[in-house]
file entry-v8.cif (mmCIF, C-alpha atoms and all ligand atoms)
data_my_file
#
loop_
_atom_site.label_atom_id
_atom_site.label_comp_id
_atom_site.auth_asym_id
_atom_site.auth_seq_id
_atom_site.Cartn_x
_atom_site.Cartn_y
_atom_site.Cartn_z
CA MET A 96 -4.88 -14.65 8.97
CA ASP A 97 -8.06 -13.77 7.07
CA TYR A 98 -8.29 -13.90 3.28
CA LEU A 99 -10.58 -12.21 0.74
CA GLN A 100 -11.12 -12.49 -2.98
CA LEU A 101 -9.36 -9.68 -4.86
CA GLY A 102 -12.19 -8.01 -6.79
CA ASP A 103 -13.58 -10.02 -9.65
CA SER A 104 -10.60 -12.36 -9.84
CA ASP A 105 -9.49 -15.84 -8.83
CA LEU A 106 -6.91 -14.41 -6.41
CA GLN A 107 -7.42 -14.95 -2.67
CA VAL A 108 -5.29 -12.50 -0.72
CA SER A 109 -4.43 -12.09 2.93
CA ARG A 110 -6.04 -9.07 4.56
CA LEU A 111 -2.63 -7.61 5.32
CA CYS A 112 -0.26 -7.07 2.42
CA LEU A 113 3.47 -6.67 3.00
CA GLY A 114 4.95 -3.63 1.22
CA THR A 115 8.58 -3.58 0.11
CA TRP A 116 9.32 0.05 -0.75
CA ASN A 117 11.40 0.67 2.38
CA MET A 118 13.32 -2.57 1.80
CA ALA A 119 14.91 -0.94 -1.25
CA GLY A 120 16.71 1.31 1.25
CA GLN A 121 16.61 4.34 -1.03
CA GLU A 122 14.59 7.50 -1.50
CA GLY A 123 15.08 8.54 2.12
CA TRP A 124 14.43 5.19 3.80
CA GLY A 125 17.29 4.24 6.08
CA PRO A 126 19.97 1.82 4.93
CA GLU A 127 18.16 -1.52 4.90
CA ASN A 128 19.84 -4.85 5.35
CA ASP A 129 18.97 -7.35 2.60
CA LYS A 130 19.29 -10.37 4.89
CA THR A 131 16.87 -8.82 7.38
CA SER A 132 14.42 -7.94 4.60
CA ILE A 133 14.46 -11.48 3.18
CA ASP A 134 13.93 -12.86 6.66
CA LEU A 135 10.98 -10.46 7.22
CA ILE A 136 9.35 -11.52 3.94
CA ARG A 137 9.67 -15.22 4.77
CA ARG A 138 8.47 -14.82 8.33
CA ALA A 139 5.49 -12.75 7.16
CA GLN A 140 4.61 -15.54 4.73
CA ASP A 141 4.97 -18.13 7.48
CA SER A 142 2.53 -16.07 9.56
CA GLY A 143 -0.11 -16.42 6.81
CA CYS A 144 0.60 -13.39 4.61
CA ASN A 145 0.41 -14.33 0.94
CA PHE A 146 0.12 -10.84 -0.56
CA PHE A 147 3.31 -8.89 -1.39
CA ASP A 148 3.57 -5.48 -3.01
CA THR A 149 6.57 -4.16 -4.90
CA ALA A 150 7.37 -1.98 -7.95
CA HIS A 151 9.91 -1.77 -10.75
CA GLY A 152 10.92 1.62 -9.33
CA TYR A 153 11.68 0.64 -5.73
CA GLY A 154 15.45 0.98 -5.54
CA LYS A 155 15.59 0.56 -9.35
CA GLY A 156 14.53 -3.08 -9.04
CA ARG A 157 16.26 -3.89 -5.76
CA ALA A 158 13.01 -4.54 -3.88
CA GLU A 159 11.77 -6.88 -6.63
CA ALA A 160 15.07 -8.76 -6.56
CA LEU A 161 14.85 -9.16 -2.78
CA LEU A 162 11.28 -10.42 -3.00
CA GLY A 163 12.29 -12.84 -5.77
CA LYS A 164 15.15 -14.17 -3.68
CA ALA A 165 13.00 -14.53 -0.55
CA LEU A 166 10.32 -16.45 -2.44
CA ALA A 167 12.70 -18.64 -4.43
CA GLN A 168 12.85 -21.14 -1.55
CA ASP A 169 10.70 -24.32 -1.69
CA ASP A 170 7.12 -23.61 -2.85
CA ARG A 171 7.07 -20.05 -1.53
CA ARG A 172 6.51 -18.45 -4.93
CA GLU A 173 3.49 -20.66 -5.74
CA ARG A 174 1.91 -19.73 -2.41
CA ALA A 175 2.44 -15.99 -2.94
CA VAL A 176 0.36 -13.36 -4.69
CA ILE A 177 2.92 -10.93 -6.12
CA ALA A 178 1.82 -7.42 -7.08
CA THR A 179 4.28 -5.21 -8.92
CA LYS A 180 3.91 -1.83 -10.59
CA VAL A 181 5.03 0.01 -13.71
CA MET A 182 4.91 3.76 -14.36
CA GLN A 183 2.77 4.65 -17.39
CA CYS A 184 5.22 5.14 -20.25
CA PRO A 185 5.15 4.87 -24.05
CA PRO A 186 3.41 1.49 -24.59
CA PRO A 187 6.23 -0.17 -26.62
CA ARG A 188 8.46 0.10 -23.52
CA LEU A 189 6.10 -1.80 -21.23
CA GLU A 190 6.81 -5.43 -22.08
CA GLY A 191 10.58 -5.07 -21.77
CA GLN A 192 10.14 -3.59 -18.29
CA LEU A 193 7.89 -6.46 -17.24
CA ASP A 194 10.30 -9.06 -18.64
CA ALA A 195 13.18 -7.51 -16.67
CA ALA A 196 11.03 -7.52 -13.52
CA LEU A 197 10.12 -11.18 -14.02
CA ARG A 198 13.82 -12.02 -14.15
CA ARG A 199 14.43 -10.10 -10.92
CA LEU A 200 11.42 -11.76 -9.30
CA ARG A 201 12.61 -15.20 -10.54
CA THR A 202 9.21 -16.09 -11.94
CA ASP A 203 7.47 -16.17 -15.31
CA TYR A 204 4.29 -14.36 -14.24
CA VAL A 205 3.13 -11.77 -11.73
CA ASP A 206 -0.24 -12.25 -10.07
CA LEU A 207 -1.19 -8.59 -10.19
CA TYR A 208 0.34 -6.00 -12.51
CA LEU A 209 -0.50 -2.39 -11.65
CA VAL A 210 -0.02 0.94 -13.37
CA HIS A 211 1.98 2.73 -10.66
CA TRP A 212 1.09 6.31 -11.66
CA PRO A 213 -0.83 7.57 -14.69
CA TRP A 214 1.12 9.89 -16.98
CA PRO A 215 -1.09 12.89 -17.88
CA ARG A 216 0.67 13.45 -21.22
CA GLY A 217 0.39 9.80 -22.27
CA ASP A 218 -2.39 7.92 -24.03
CA LEU A 219 -4.04 5.97 -21.21
CA ARG A 220 -6.13 3.73 -23.46
CA ALA A 221 -3.09 2.72 -25.52
CA PHE A 222 -1.25 1.88 -22.30
CA MET A 223 -4.18 -0.10 -20.88
CA ASP A 224 -4.32 -2.03 -24.18
CA LYS A 225 -0.70 -3.02 -23.59
CA MET A 226 -1.42 -3.96 -19.97
CA SER A 227 -4.25 -6.22 -21.23
CA GLU A 228 -1.85 -7.79 -23.70
CA MET A 229 0.42 -8.77 -20.77
CA LYS A 230 -2.57 -10.59 -19.30
CA GLN A 231 -3.36 -12.32 -22.60
CA LYS A 232 0.27 -13.45 -22.80
CA GLU A 233 -0.08 -14.82 -19.23
CA LYS A 234 2.78 -12.69 -17.95
CA ALA A 235 0.24 -11.10 -15.57
CA ARG A 236 -2.69 -13.00 -14.09
CA GLN A 237 -4.64 -9.83 -13.35
CA ILE A 238 -4.18 -6.11 -13.94
CA GLY A 239 -4.90 -3.08 -11.79
CA VAL A 240 -3.98 0.55 -11.21
CA SER A 241 -2.64 2.90 -8.55
CA ASN A 242 -2.98 6.66 -7.90
CA PHE A 243 -5.78 7.01 -10.47
CA ASN A 244 -8.43 9.74 -10.23
CA LEU A 245 -12.09 9.08 -11.00
CA GLN A 246 -11.86 9.87 -14.72
CA GLU A 247 -8.86 7.56 -15.05
CA MET A 248 -10.67 4.86 -13.04
CA GLU A 249 -13.58 5.02 -15.47
CA VAL A 250 -11.20 4.24 -18.33
CA ALA A 251 -9.40 1.54 -16.34
CA ALA A 252 -12.69 -0.19 -15.50
CA GLU A 253 -13.29 -0.77 -19.22
CA TYR A 254 -10.17 -2.96 -19.20
CA GLY A 255 -11.34 -5.25 -16.40
CA VAL A 256 -8.93 -4.05 -13.70
CA VAL A 257 -9.52 -5.91 -10.45
CA CYS A 258 -7.70 -3.65 -8.00
CA LEU A 259 -6.93 -0.04 -7.12
CA GLN A 260 -3.95 0.69 -4.87
CA ALA A 261 -4.55 4.10 -3.32
CA PRO A 262 -3.09 6.33 -0.60
CA TYR A 263 -5.55 5.88 2.26
CA ASN A 264 -5.41 6.05 6.02
CA VAL A 265 -7.17 7.78 8.93
CA LEU A 266 -5.56 11.10 7.93
CA TRP A 267 -5.44 10.82 4.12
CA ARG A 268 -9.02 10.57 2.85
CA GLN A 269 -8.78 11.50 -0.85
CA ILE A 270 -10.64 8.46 -2.21
CA GLU A 271 -13.70 8.66 0.02
CA ASP A 272 -15.91 11.01 -2.01
CA ASP A 273 -15.86 9.42 -5.42
CA ILE A 274 -13.18 6.78 -6.04
CA LEU A 275 -14.02 4.41 -3.19
CA PRO A 276 -17.77 4.42 -4.04
CA PHE A 277 -16.88 3.86 -7.72
CA CYS A 278 -14.72 0.86 -6.83
CA ARG A 279 -17.43 -0.59 -4.57
CA GLU A 280 -20.05 -0.24 -7.30
CA ASN A 281 -17.79 -1.84 -9.89
CA GLY A 282 -16.43 -4.69 -7.77
CA ILE A 283 -12.87 -3.32 -7.88
CA ALA A 284 -10.87 -4.23 -4.78
CA VAL A 285 -9.17 -1.38 -2.94
CA THR A 286 -5.84 -1.76 -1.20
CA SER A 287 -4.41 1.13 0.82
CA TYR A 288 -0.81 2.30 0.86
CA SER A 289 0.84 4.33 3.61
CA SER A 290 -1.82 2.68 5.76
CA LEU A 291 -0.09 3.86 8.95
CA ALA A 292 0.80 7.27 7.48
CA GLN A 293 4.43 6.17 7.48
CA GLY A 294 4.36 5.57 11.23
CA LEU A 295 2.35 8.64 12.28
CA LEU A 296 -0.54 6.41 13.36
CA THR A 297 1.57 3.98 15.40
CA GLY A 298 1.94 6.20 18.48
CA ARG A 299 5.60 6.84 17.71
CA PHE A 300 5.03 10.54 17.08
CA SER A 301 1.98 11.14 19.29
CA ARG A 302 2.90 9.14 22.40
CA GLY A 303 6.64 9.49 21.96
CA SER A 304 8.88 12.32 20.85
CA GLU A 305 10.22 10.84 17.62
CA GLN A 306 11.13 13.56 15.14
CA ARG A 307 10.62 13.41 11.39
CA ALA A 308 13.63 12.20 9.43
CA GLY A 309 14.49 10.44 6.19
CA ILE A 310 11.55 9.74 3.86
CA ARG A 311 9.23 11.55 6.28
CA ASN A 312 10.98 14.84 5.50
CA LYS A 313 9.21 14.74 2.14
CA ASN A 314 5.76 13.76 3.46
CA VAL A 315 3.34 16.69 3.75
CA LEU A 316 1.68 15.08 6.80
CA PHE A 317 4.92 15.79 8.67
CA ASP A 318 4.96 19.48 7.62
CA GLU A 319 3.72 22.13 10.04
CA PRO A 320 0.99 23.16 10.67
CA VAL A 321 -0.41 19.83 9.45
CA PHE A 322 1.93 17.79 11.66
CA THR A 323 0.63 19.27 14.94
CA LYS A 324 -2.95 18.55 13.87
CA ALA A 325 -1.96 15.05 12.68
CA ARG A 326 -0.45 14.28 16.07
CA GLU A 327 -3.68 15.42 17.74
CA ALA A 328 -5.66 13.05 15.49
CA ALA A 329 -3.16 10.27 16.18
CA ALA A 330 -3.71 10.91 19.90
CA VAL A 331 -7.40 10.15 19.37
CA VAL A 332 -6.38 6.83 17.76
CA ASP A 333 -4.11 6.23 20.78
CA ALA A 334 -6.99 6.97 23.19
CA VAL A 335 -9.40 4.59 21.42
CA ALA A 336 -6.67 1.95 21.37
CA ASP A 337 -6.10 2.33 25.12
CA GLU A 338 -9.81 2.07 25.83
CA ILE A 339 -10.25 -1.16 23.91
CA GLY A 340 -6.91 -2.67 24.89
CA CYS A 341 -5.03 -2.74 21.60
CA THR A 342 -2.09 -0.80 20.17
CA SER A 343 -2.38 2.41 18.14
CA SER A 344 -1.25 0.65 14.94
CA GLN A 345 -3.89 -2.01 15.46
CA ALA A 346 -6.65 0.59 15.93
CA ALA A 347 -5.52 2.50 12.82
CA LEU A 348 -5.42 -0.68 10.73
CA ALA A 349 -8.73 -1.96 12.17
CA TRP A 350 -10.31 1.31 10.99
CA LEU A 351 -9.09 0.52 7.45
CA LEU A 352 -10.11 -3.14 7.64
CA GLN A 353 -13.63 -2.11 8.65
CA THR A 354 -13.99 0.36 5.77
CA GLU A 355 -16.32 -1.14 3.18
CA GLY A 356 -14.53 -2.03 -0.04
CA MET A 357 -11.09 -2.21 1.60
CA VAL A 358 -9.60 -5.62 0.89
CA ALA A 359 -6.10 -5.30 2.31
CA PRO A 360 -4.07 -2.49 3.86
CA ILE A 361 -0.47 -2.60 2.64
CA VAL A 362 2.10 -2.01 5.39
CA GLY A 363 5.84 -1.54 5.32
CA ILE A 364 7.90 -2.90 8.20
CA SER A 365 11.54 -2.78 9.20
CA LYS A 366 11.30 -5.03 12.26
CA TRP A 367 9.54 -8.32 12.97
CA GLY A 368 7.79 -6.90 16.04
CA GLN A 369 6.06 -4.34 13.81
CA TRP A 370 4.53 -7.10 11.68
CA GLN A 371 3.37 -8.99 14.77
CA ASP A 372 1.83 -5.79 16.10
CA ASN A 373 0.07 -5.05 12.79
CA LEU A 374 -1.21 -8.61 12.47
CA GLY A 375 -3.05 -8.12 15.76
CA ALA A 376 -5.34 -5.64 13.96
CA LEU A 377 -7.23 -8.58 12.49
CA ASP A 378 -8.51 -9.41 15.98
CA VAL A 379 -9.69 -5.87 16.75
CA ARG A 380 -13.30 -4.82 16.23
CA LEU A 381 -14.14 -1.12 16.57
CA SER A 382 -17.68 -0.21 17.57
CA ASP A 383 -19.53 2.22 15.29
CA ALA A 384 -18.86 5.00 17.80
CA GLU A 385 -15.12 4.23 17.96
CA TYR A 386 -14.92 4.04 14.17
CA ARG A 387 -16.66 7.44 13.92
CA ARG A 388 -14.41 9.07 16.53
CA ILE A 389 -11.32 8.03 14.60
CA SER A 390 -12.88 9.09 11.28
CA GLU A 391 -13.80 12.53 12.56
CA ALA A 392 -10.38 13.16 14.11
CA GLY A 393 -8.63 12.21 10.86
CA MET A 394 -11.01 14.27 8.74
CA GLN A 395 -9.89 17.45 10.52
CA VAL A 396 -6.40 16.83 9.19
CA TRP A 397 -7.57 15.92 5.71
CA GLU A 398 -9.54 19.19 5.51
CA MET A 399 -6.27 21.13 5.87
CA LEU A 400 -4.75 19.46 2.81
CA PRO A 401 -5.26 20.14 -0.91
CA ALA A 402 -7.91 17.71 -2.19
CA ASP A 403 -5.85 16.68 -5.22
CA GLY A 404 -2.45 16.62 -3.54
CA SER A 405 -0.03 13.73 -3.21
CA MET A 406 1.60 12.71 0.05
CA TRP A 407 5.03 13.71 -1.17
CA GLY A 408 3.88 16.77 -3.13
CA TRP A 409 4.95 14.91 -6.28
CA LYS A 410 3.01 13.68 -9.30
CA PRO A 411 4.08 12.75 -12.83
CA ARG A 412 3.52 15.64 -15.25
N1 LIG B 501 1.42 2.91 -5.17
C1 LIG B 501 2.18 3.84 -4.64
O1 LIG B 501 2.40 4.92 -5.21
C2 LIG B 501 2.78 3.58 -3.27
C3 LIG B 501 3.31 4.66 -2.53
C4 LIG B 501 3.82 4.39 -1.26
C5 LIG B 501 3.81 3.11 -0.74
N2 LIG B 501 3.32 2.08 -1.50
C6 LIG B 501 3.34 0.67 -0.97
O2 LIG B 501 2.78 0.65 0.34
C7 LIG B 501 3.73 0.14 1.28
C8 LIG B 501 3.53 0.80 2.62
O3 LIG B 501 3.58 2.22 2.51
P1 LIG B 501 4.57 3.16 3.32
O4 LIG B 501 5.81 2.42 3.62
O5 LIG B 501 4.60 4.45 2.60
O6 LIG B 501 3.76 3.47 4.67
P2 LIG B 501 3.36 2.69 6.01
O7 LIG B 501 3.13 1.26 5.77
O8 LIG B 501 2.28 3.54 6.58
O9 LIG B 501 4.66 2.93 6.94
C9 LIG B 501 5.69 2.01 7.01
C10 LIG B 501 6.61 2.36 8.16
O10 LIG B 501 5.88 2.54 9.38
C11 LIG B 501 6.62 2.01 10.45
N3 LIG B 501 5.83 0.95 11.08
C12 LIG B 501 5.10 -0.03 10.48
N4 LIG B 501 4.46 -0.80 11.39
C13 LIG B 501 4.78 -0.28 12.61
C14 LIG B 501 4.42 -0.59 13.93
N5 LIG B 501 3.57 -1.58 14.21
N6 LIG B 501 4.94 0.16 14.95
C15 LIG B 501 5.77 1.19 14.70
N7 LIG B 501 6.16 1.55 13.45
C16 LIG B 501 5.66 0.83 12.41
C17 LIG B 501 7.94 1.51 9.90
O11 LIG B 501 8.86 2.59 9.98
P3 LIG B 501 10.45 2.40 10.22
O12 LIG B 501 10.96 1.75 8.97
O13 LIG B 501 10.96 3.77 10.45
O14 LIG B 501 10.57 1.50 11.42
C18 LIG B 501 7.58 1.23 8.45
O15 LIG B 501 8.67 1.27 7.57
C19 LIG B 501 5.09 0.37 0.61
O16 LIG B 501 6.08 -0.51 1.08
C20 LIG B 501 4.76 0.10 -0.84
O17 LIG B 501 4.74 -1.30 -1.08
C21 LIG B 501 2.79 2.30 -2.73
#

call {"tool": "encode", "arguments": {"input": "entry-v8.cif", "output": "C-alpha cells", "more": "lines below"}}
Ligand SMILES: NC(=O)c1ccc[n+]([C@@H]2O[C@H](COP(=O)([O-])OP(=O)(O)OC[C@H]3O[C@@H](n4cnc5c(N)ncnc54)[C@H](OP(=O)(O)O)[C@@H]3O)[C@@H](O)[C@H]2O)c1
result
Amino acid sequence: MDYLQLGDSDLQVSRLCLGTWNMAGQEGWGPENDKTSIDLIRRAQDSGCNFFDTAHGYGKGRAEALLGKALAQDDRRERAVIATKVMQCPPPRLEGQLDAALRRLRTDYVDLYLVHWPWPRGDLRAFMDKMSEMKQKEKARQIGVSNFNLQEMEVAAEYGVVCLQAPYNVLWRQIEDDILPFCRENGIAVTSYSSLAQGLLTGRFSRGSEQRAGIRNKNVLFDEPVFTKAREAAAVVDAVADEIGCTSSQAALAWLLQTEGMVAPIVGISKWGQWQDNLGALDVRLSDAEYRRISEAGMQVWEMLPADGSMWGWKPR
C-alpha cells in the first residue's frame, strides 16, 4: 500500500480509502450482511488500508456503528484514519450529532470531519465556525468538506479545511475546470467518491450484460441515452486494461491515482475479491497516451450531462 499526507495535515492516508455507504444496506443498496461488512473492513485494514469513509446519514448511523465495531478490536482504531460527514444544518445542532456519531464509532475523536453537503439556505460561515470549534475541542483532528462548488470552497479554505471529497471518475468530470485547480493551488487534498461510477467502470456493464438495479436506478449515468455512451467509454477503459494486462477497475482507478491533486479514491466493495482487484491499481502505470485515451472517452459522456448536476439528480435546497 502507498500512503500520502492528507493536504496540510499530520494525517498519512492510504491511497485507497474504503467507503461504507453500501454497508448500511439502505437507499437502494442490496441487503448487506453486518458480519461480512465487519470482516471486509478488518481485512482491508490488514491489507494496508488505514483510511475509512462513513457518514452520519449512511443507514441513519448504521455504517458508523459497523465501522466502530470493526475497529474496536485490538489497536485497530489507533491505526485508522476515520472520516465521517455531517449535513450542513443549523449550527447549534452540530455538536450533538458529532457526539452521537462518536458513540457509534466507539471513539472520542474522528480524524477527519467533513461537511457532507452544503445547505444553500444556511449560513455557511456560521457552520464552518462550529466545525472549527469541533477541532478546537479535539473531537475532530481535521476538518474538510464534500460536494462544495468553487464559491463554497473559497469560504471553506478560510477555515483551514484539509480535504475535499468530490464525485469524480472517468465519466464524471465536474471538478476539473475550477475546483480541482483551486484545491491544488491551496494544498487541499482531493478524494474521489463513486470512483468506479458505482461499478460502471469495472467491466460489469460493458463486458457483461449486467442490468441496472437498486441504487443504480437513481444514478443518471445509468439513464439512457447517457448509459449507452457510458458503456462505450467503459469499453475504452476495458480495451486499455486488456492492452496493458490489468483489469478494468484497475485502469479506471489508476487514471484517478495519476490525476494531480488526487490523494485517495474512495471505493465501496461488497466482496473481498473486489478489494483485492482494486488494490492492484496501485501497481498500474498508464502512459500519457493511455491516460489521454481514457480521459477523452470519459469526457464525451460528461459533455452530455448538466455541468452542475448531481449523480442522483438530488441536492439539498
Ligand atoms: N460525499 C458524498 O456525497 C458521497 C456520495 C457517494 C459515495 N460516497 C462515499 O464513496 C464511497 C464509494 O462510492 P460509491 O459506492 O457510490 O461508488 P463506487 O465505489 O464507484 O462503487 C461501489 C460499488 O462498485 C462495485 N465494485 C467495487 N469494486 C469492484 C470491482 N473491483 N469489481 C466489480 N465491482 C466492483 C460494488 O458493487 P456491488 O455492491 O453491486 O457488488 C461496489 O459496491 C461510498 O461508500 C461512500 O463512502 C460519498

call {"tool": "residues_near_point", "arguments": {"input": "entry-v8.cif", "point": "(-2.2, 15.4, 12.7)", "cutoff": "9 Å", "atoms": "all atoms listed in the file", "output": "NGL selection string"}}
result
:A and (266 or 295 or 301 or 316-317 or 320-330 or 392-393 or 395-397)

call {"tool": "residues_near_ligand", "arguments": {"input": "entry-v8.cif", "ligand": "ligand LIG 501 (chain B)", "cutoff": "8 Å", "atoms": "all atoms listed in the file", "output": "VMD selection string"}}
result
chain A and resid 113 to 118 124 to 125 147 to 150 180 211 to 212 241 to 242 260 to 262 287 to 299 344 to 345 361 to 366 368 to 373

call {"tool": "write_last_selection", "arguments": {"input": "entry-v8.cif", "atoms": "C-alpha atoms", "output": "tab-separated table (two decimals), keeping the file's coordinate frame"}}
result
chain	number	residue	atom	x	y	z
A	113	LEU	CA	3.47	-6.67	3.00
A	114	GLY	CA	4.95	-3.63	1.22
A	115	THR	CA	8.58	-3.58	0.11
A	116	TRP	CA	9.32	0.05	-0.75
A	117	ASN	CA	11.40	0.67	2.38
A	118	MET	CA	13.32	-2.57	1.80
A	124	TRP	CA	14.43	5.19	3.80
A	125	GLY	CA	17.29	4.24	6.08
A	147	PHE	CA	3.31	-8.89	-1.39
A	148	ASP	CA	3.57	-5.48	-3.01
A	149	THR	CA	6.57	-4.16	-4.90
A	150	ALA	CA	7.37	-1.98	-7.95
A	180	LYS	CA	3.91	-1.83	-10.59
A	211	HIS	CA	1.98	2.73	-10.66
A	212	TRP	CA	1.09	6.31	-11.66
A	241	SER	CA	-2.64	2.90	-8.55
A	242	ASN	CA	-2.98	6.66	-7.90
A	260	GLN	CA	-3.95	0.69	-4.87
A	261	ALA	CA	-4.55	4.10	-3.32
A	262	PRO	CA	-3.09	6.33	-0.60
A	287	SER	CA	-4.41	1.13	0.82
A	288	TYR	CA	-0.81	2.30	0.86
A	289	SER	CA	0.84	4.33	3.61
A	290	SER	CA	-1.82	2.68	5.76
A	291	LEU	CA	-0.09	3.86	8.95
A	292	ALA	CA	0.80	7.27	7.48
A	293	GLN	CA	4.43	6.17	7.48
A	294	GLY	CA	4.36	5.57	11.23
A	295	LEU	CA	2.35	8.64	12.28
A	296	LEU	CA	-0.54	6.41	13.36
A	297	THR	CA	1.57	3.98	15.40
A	298	GLY	CA	1.94	6.20	18.48
A	299	ARG	CA	5.60	6.84	17.71
A	344	SER	CA	-1.25	0.65	14.94
A	345	GLN	CA	-3.89	-2.01	15.46
A	361	ILE	CA	-0.47	-2.60	2.64
A	362	VAL	CA	2.10	-2.01	5.39
A	363	GLY	CA	5.84	-1.54	5.32
A	364	ILE	CA	7.90	-2.90	8.20
A	365	SER	CA	11.54	-2.78	9.20
A	366	LYS	CA	11.30	-5.03	12.26
A	368	GLY	CA	7.79	-6.90	16.04
A	369	GLN	CA	6.06	-4.34	13.81
A	370	TRP	CA	4.53	-7.10	11.68
A	371	GLN	CA	3.37	-8.99	14.77
A	372	ASP	CA	1.83	-5.79	16.10
A	373	ASN	CA	0.07	-5.05	12.79

call {"tool": "closest_residue", "arguments": {"input": "entry-v8.cif", "among": "A:Ala334, A:Leu193, A:Ile283, A:Leu348", "to": "A:Arg302", "atoms": "only C-alpha atoms"}}
result
A:Ala334

call {"tool": "residues_around", "arguments": {"input": "entry-v8.cif", "residues": "stretch 248-254 of chain A", "least_positions_apart": "3", "cutoff": "9 Å", "atoms": "all atoms listed in the file", "output": "list in words"}}
result
Leu219, Arg220, Met223, Asp224, Met226, Ser227, Ile238, Gly239, Val240, Phe243, Asn244, Leu245, Val257, Leu259, Ile274, Phe277, Cys278, Asn281 and Ile283 of chain A

call {"tool": "write_last_selection", "arguments": {"input": "entry-v8.cif", "atoms": "C-alpha atoms", "output": "PDB file, keeping the file's coordinate frame"}}
result
ATOM      1  CA  LEU A 219      -4.040   5.970 -21.210  1.00  0.00           C
ATOM      2  CA  ARG A 220      -6.130   3.730 -23.460  1.00  0.00           C
ATOM      3  CA  MET A 223      -4.180  -0.100 -20.880  1.00  0.00           C
ATOM      4  CA  ASP A 224      -4.320  -2.030 -24.180  1.00  0.00           C
ATOM      5  CA  MET A 226      -1.420  -3.960 -19.970  1.00  0.00           C
ATOM      6  CA  SER A 227      -4.250  -6.220 -21.230  1.00  0.00           C
ATOM      7  CA  ILE A 238      -4.180  -6.110 -13.940  1.00  0.00           C
ATOM      8  CA  GLY A 239      -4.900  -3.080 -11.790  1.00  0.00           C
ATOM      9  CA  VAL A 240      -3.980   0.550 -11.210  1.00  0.00           C
ATOM     10  CA  PHE A 243      -5.780   7.010 -10.470  1.00  0.00           C
ATOM     11  CA  ASN A 244      -8.430   9.740 -10.230  1.00  0.00           C
ATOM     12  CA  LEU A 245     -12.090   9.080 -11.000  1.00  0.00           C
ATOM     13  CA  VAL A 257      -9.520  -5.910 -10.450  1.00  0.00           C
ATOM     14  CA  LEU A 259      -6.930  -0.040  -7.120  1.00  0.00           C
ATOM     15  CA  ILE A 274     -13.180   6.780  -6.040  1.00  0.00           C
ATOM     16  CA  PHE A 277     -16.880   3.860  -7.720  1.00  0.00           C
ATOM     17  CA  CYS A 278     -14.720   0.860  -6.830  1.00  0.00           C
ATOM     18  CA  ASN A 281     -17.790  -1.840  -9.890  1.00  0.00           C
ATOM     19  CA  ILE A 283     -12.870  -3.320  -7.880  1.00  0.00           C
TER      20      ILE A 283
END

call {"tool": "closest_residue", "arguments": {"input": "entry-v8.cif", "among": "A:Gly255, A:Pro276, A:Val358, A:Arg388", "to": "A:Val331", "atoms": "all atoms listed in the file"}}
result
A:Arg388

call {"tool": "atom_distance", "arguments": {"input": "entry-v8.cif", "atom1": "atom CA of A:Arg174", "atom2": "atom CA of A:Leu351"}}
result
25.1 Å

call {"tool": "atom_distance", "arguments": {"input": "entry-v8.cif", "atom1": "atom CA of A:Val285", "atom2": "atom CA of A:Thr179"}}
result
15.2 Å

call {"tool": "build_atoms", "arguments": {"input": "entry-v8.cif", "residues": "stretch 260-273 of chain A", "atoms": "N, CA and C atoms", "output": "mmCIF file, in the frame of the given file"}}
result
data_model
loop_
_atom_site.group_PDB
_atom_site.id
_atom_site.type_symbol
_atom_site.label_atom_id
_atom_site.label_comp_id
_atom_site.auth_asym_id
_atom_site.auth_seq_id
_atom_site.Cartn_x
_atom_site.Cartn_y
_atom_site.Cartn_z
ATOM 1 N N GLN A 260 -4.818 0.447 -6.030
ATOM 2 C CA GLN A 260 -3.950 0.690 -4.870
ATOM 3 C C GLN A 260 -3.907 2.201 -4.665
ATOM 4 N N ALA A 261 -4.377 2.655 -3.516
ATOM 5 C CA ALA A 261 -4.550 4.100 -3.320
ATOM 6 C C ALA A 261 -3.957 4.538 -1.982
ATOM 7 N N PRO A 262 -3.518 5.809 -1.901
ATOM 8 C CA PRO A 262 -3.090 6.330 -0.600
ATOM 9 C C PRO A 262 -4.325 6.453 0.277
ATOM 10 N N TYR A 263 -4.352 5.809 1.412
ATOM 11 C CA TYR A 263 -5.550 5.880 2.260
ATOM 12 C C TYR A 263 -5.194 5.486 3.676
ATOM 13 N N ASN A 264 -5.546 6.350 4.591
ATOM 14 C CA ASN A 264 -5.410 6.050 6.020
ATOM 15 C C ASN A 264 -6.300 7.021 6.783
ATOM 16 N N VAL A 265 -6.290 6.941 8.097
ATOM 17 C CA VAL A 265 -7.170 7.780 8.930
ATOM 18 C C VAL A 265 -7.026 9.261 8.563
ATOM 19 N N LEU A 266 -5.811 9.683 8.186
ATOM 20 C CA LEU A 266 -5.560 11.100 7.930
ATOM 21 C C LEU A 266 -5.703 11.480 6.453
ATOM 22 N N TRP A 267 -5.514 10.522 5.567
ATOM 23 C CA TRP A 267 -5.440 10.820 4.120
ATOM 24 C C TRP A 267 -6.679 10.228 3.452
ATOM 25 N N ARG A 268 -7.687 11.072 3.145
ATOM 26 C CA ARG A 268 -9.020 10.570 2.850
ATOM 27 C C ARG A 268 -9.496 10.832 1.414
ATOM 28 N N GLN A 269 -8.512 11.121 0.538
ATOM 29 C CA GLN A 269 -8.780 11.500 -0.850
ATOM 30 C C GLN A 269 -9.839 10.646 -1.573
ATOM 31 N N ILE A 270 -9.814 9.328 -1.353
ATOM 32 C CA ILE A 270 -10.640 8.460 -2.210
ATOM 33 C C ILE A 270 -12.093 8.341 -1.733
ATOM 34 N N GLU A 271 -12.387 8.933 -0.580
ATOM 35 C CA GLU A 271 -13.700 8.660 0.020
ATOM 36 C C GLU A 271 -14.883 9.188 -0.782
ATOM 37 N N ASP A 272 -14.747 10.379 -1.381
ATOM 38 C CA ASP A 272 -15.910 11.010 -2.010
ATOM 39 C C ASP A 272 -16.370 10.293 -3.263
ATOM 40 N N ASP A 273 -15.430 9.956 -4.126
ATOM 41 C CA ASP A 273 -15.860 9.420 -5.420
ATOM 42 C C ASP A 273 -15.188 8.090 -5.790
#
